[in-house]
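> I have a structure I would like to understand better, so I am pasting it below and will then ask my questions one at a time.
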Amino acid sequence: MERHEFLSKLGIGLVAVCAGCSLVSCGGKSSNPGPSTGNATPPPTKGSGNLFSADLNTQLANIGDSVIQQGVILVRIASGNTADAFTAVQLACTHQGNSIGYNNGQGIFICPAHGSEFSKAGAVLQGPAALPLQKYTVTISGSTLTVSA
Ligand code: FES
């Protein structure tokens with residue numbers, strides 16, 4: 001075999017191998033979320049009424065304190081015992097359903113699975129999640145906060 005012929009055949013082989021790698025990469029990096037495979041409790045359906053209550057003095061006394069129940073994460077985001085000092089959003093990330101957490105320093109929700117970020121109101125700040133988090137209603141009576149859907 002001539003040197004030129006050998007190099008030519010080697011080049012064709014490398015192109016075939018690289019093309020195979022590219023196809024595998026495309027299949028594994030879909031930007032579309034697949035079926036929910038995460039670990040979080042699914043979010044409550046809108047209109048399902050009262051979900052849970054929390055005590056403002058013992059469970060949510062400080063900014064950044066949170067309560068997780070029934071597929072919802074409730075966080076104190078400001079001082080004072082008014083409804084706008086709290087936010088309640090679905091716990092399950094809209095990408096693939098893993099549990100999000102609240103980062104008090106940044107004031108945002110972050111999903112540790114693939115890095116999606118959401119505002120306090122649940123809007124997408126960074127993907128791969130494409131859909132916002134469901135937000136729930138907060139009402140306060142005395143020292144009791146109630147989250148409802
Ligand atoms: S599950 Fe993928 S970013 Fe949250």
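Identifiers in the structure tokens: chain A, B, ... in order shown; residue index from 1 per chain; ligand index from 1 in order shown.
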Considering only C-alpha atoms and all ligand atoms, tabulate each residue of chain A that lies at most 8 Å from ligand 1 along with its nearest interatomic pair and the corresponding distance in Å to one decimal; arrange the rows by chain and ascending residue number and present them as a Markdown table.


| residue | atom | partner | partner_atom_place_in_ligand_line | distance |
| --- | --- | --- | --- | --- |
| A:Pro33 | CA | ligand 1 | 2 (Fe) | 7.8 |
| A:Gly38 | CA | ligand 1 | 1 (S) | 6.4 |
| A:Ala92 | CA | ligand 1 | 4 (Fe) | 7.7 |
| A:Cys93 | CA | ligand 1 | 4 (Fe) | 4.6 |
| A:Thr94 | CA | ligand 1 | 4 (Fe) | 6.5 |
| A:His95 | CA | ligand 1 | 1 (S) | 4.6 |
| A:Gln96 | CA | ligand 1 | 1 (S) | 3.9 |
| A:Gly97 | CA | ligand 1 | 1 (S) | 5.1 |
| A:Asn98 | CA | ligand 1 | 1 (S) | 4.6 |
| A:Ser99 | CA | ligand 1 | 4 (Fe) | 7.2 |
| A:Ile100 | CA | ligand 1 | 4 (Fe) | 6.9 |
| A:Ile110 | CA | ligand 1 | 4 (Fe) | 7.9 |
| A:Cys111 | CA | ligand 1 | 4 (Fe) | 4.6 |
| A:Pro112 | CA | ligand 1 | 4 (Fe) | 6.6 |
| A:Ala113 | CA | ligand 1 | 2 (Fe) | 5.0 |
| A:His114 | CA | ligand 1 | 3 (S) | 3.8 |
| A:Gly115 | CA | ligand 1 | 3 (S) | 5.0 |
| A:Ser116 | CA | ligand 1 | 3 (S) | 4.3 |
| A:Glu117 | CA | ligand 1 | 3 (S) | 7.8 |
| A:Gly127 | CA | ligand 1 | 3 (S) | 6.8 |
| A:Pro128 | CA | ligand 1 | 3 (S) | 5.7 |
| A:Ala129 | CA | ligand 1 | 3 (S) | 5.7 |

> List as a PyMOL selection string the protein and nucleic acid residues near region 79-91 of chain A, meaning an atom at most 9 Å away when only C-alpha atoms are counted, but skip any in the same chain fewer than 2 places from it.

chain A and resi 40-44+56+61-63+68-77+93-94+97-101+120-122+133-140+142-143+145+147

> Residues as selected, C-alpha atoms, written as a CSV table (one decimal), in the first residue's frame, can you do that?


chain,number,residue,atom,x,y,z
A,40,ALA,CA,-39.6,16.3,44.0
A,41,THR,CA,-43.3,15.9,44.9
A,42,PRO,CA,-45.4,17.0,42.0
A,43,PRO,CA,-46.9,20.5,42.3
A,44,PRO,CA,-50.5,20.9,43.7
A,56,LEU,CA,-44.6,32.9,61.5
A,61,ALA,CA,-39.0,34.2,61.8
A,62,ASN,CA,-35.9,35.1,59.7
A,63,ILE,CA,-35.4,36.1,56.1
A,68,ILE,CA,-41.4,22.6,52.3
A,69,GLN,CA,-44.7,20.8,52.2
A,70,GLN,CA,-47.1,19.2,49.7
A,71,GLY,CA,-44.8,20.0,46.7
A,72,VAL,CA,-44.5,23.7,47.6
A,73,ILE,CA,-41.5,25.6,48.9
A,74,LEU,CA,-42.5,28.6,51.1
A,75,VAL,CA,-39.8,31.2,51.8
A,76,ARG,CA,-39.6,34.4,53.9
A,77,ILE,CA,-38.0,36.9,51.5
A,93,CYS,CA,-38.2,22.2,38.8
A,94,THR,CA,-40.0,22.6,35.5
A,97,GLY,CA,-38.8,17.7,38.3
A,98,ASN,CA,-35.9,17.8,40.7
A,99,SER,CA,-36.2,19.8,43.9
A,100,ILE,CA,-35.2,23.4,43.7
A,101,GLY,CA,-33.7,25.3,46.7
A,120,LYS,CA,-38.7,34.9,43.7
A,121,ALA,CA,-41.9,35.0,41.7
A,122,GLY,CA,-41.0,31.8,39.8
A,133,LEU,CA,-42.6,27.8,38.5
A,134,GLN,CA,-46.3,27.7,39.6
A,135,LYS,CA,-46.8,30.4,42.3
A,136,TYR,CA,-49.2,29.9,45.2
A,137,THR,CA,-51.3,32.3,47.3
A,138,VAL,CA,-50.1,33.3,50.7
A,139,THR,CA,-52.5,34.7,53.3
A,140,ILE,CA,-51.8,35.7,56.9
A,142,GLY,CA,-52.4,36.6,63.2
A,143,SER,CA,-49.2,34.6,63.4
A,145,LEU,CA,-49.6,31.9,57.4
A,147,VAL,CA,-50.6,28.6,51.5

> Report the residues of region 18-141 of chain A whose backbone DSSP state falls under alpha helix (DSSP H), written as a ChimeraX atom specification.

/A:18-28

> For Ser119 (chain A), find every residue with an atom within 7 Å (counting only C-alpha atoms), except residues of its own chain fewer than 6 positions away, and show them as a compact mmCIF listing (two decimals) with C-alpha atoms, in the first residue's frame.


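Heads up, here's the output in selection-v9.txt:
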# COMPACT_ATOMS: atom_id res chain seq x y z
CA ILE A 108 -33.35 33.30 43.70
CA PHE A 109 -34.40 29.67 43.43
CA LEU A 125 -33.88 33.47 34.83

> Mind listing the strand (DSSP E) residues of region 19-118 of chain A, per DSSP on the backbone, as a PyMOL selection string?

chain A and resi 50-55+66-69+72-76+86-90+101-103+108-110+117-118

> How many Å separate CA of Asp65 (chain A) from CA of Gly105 (chain A)?

12.3 Å

> Between CA of Gln126 (chain A) and CA of Gly47 (chain A), what is the spacing in Å?

28.2 Å
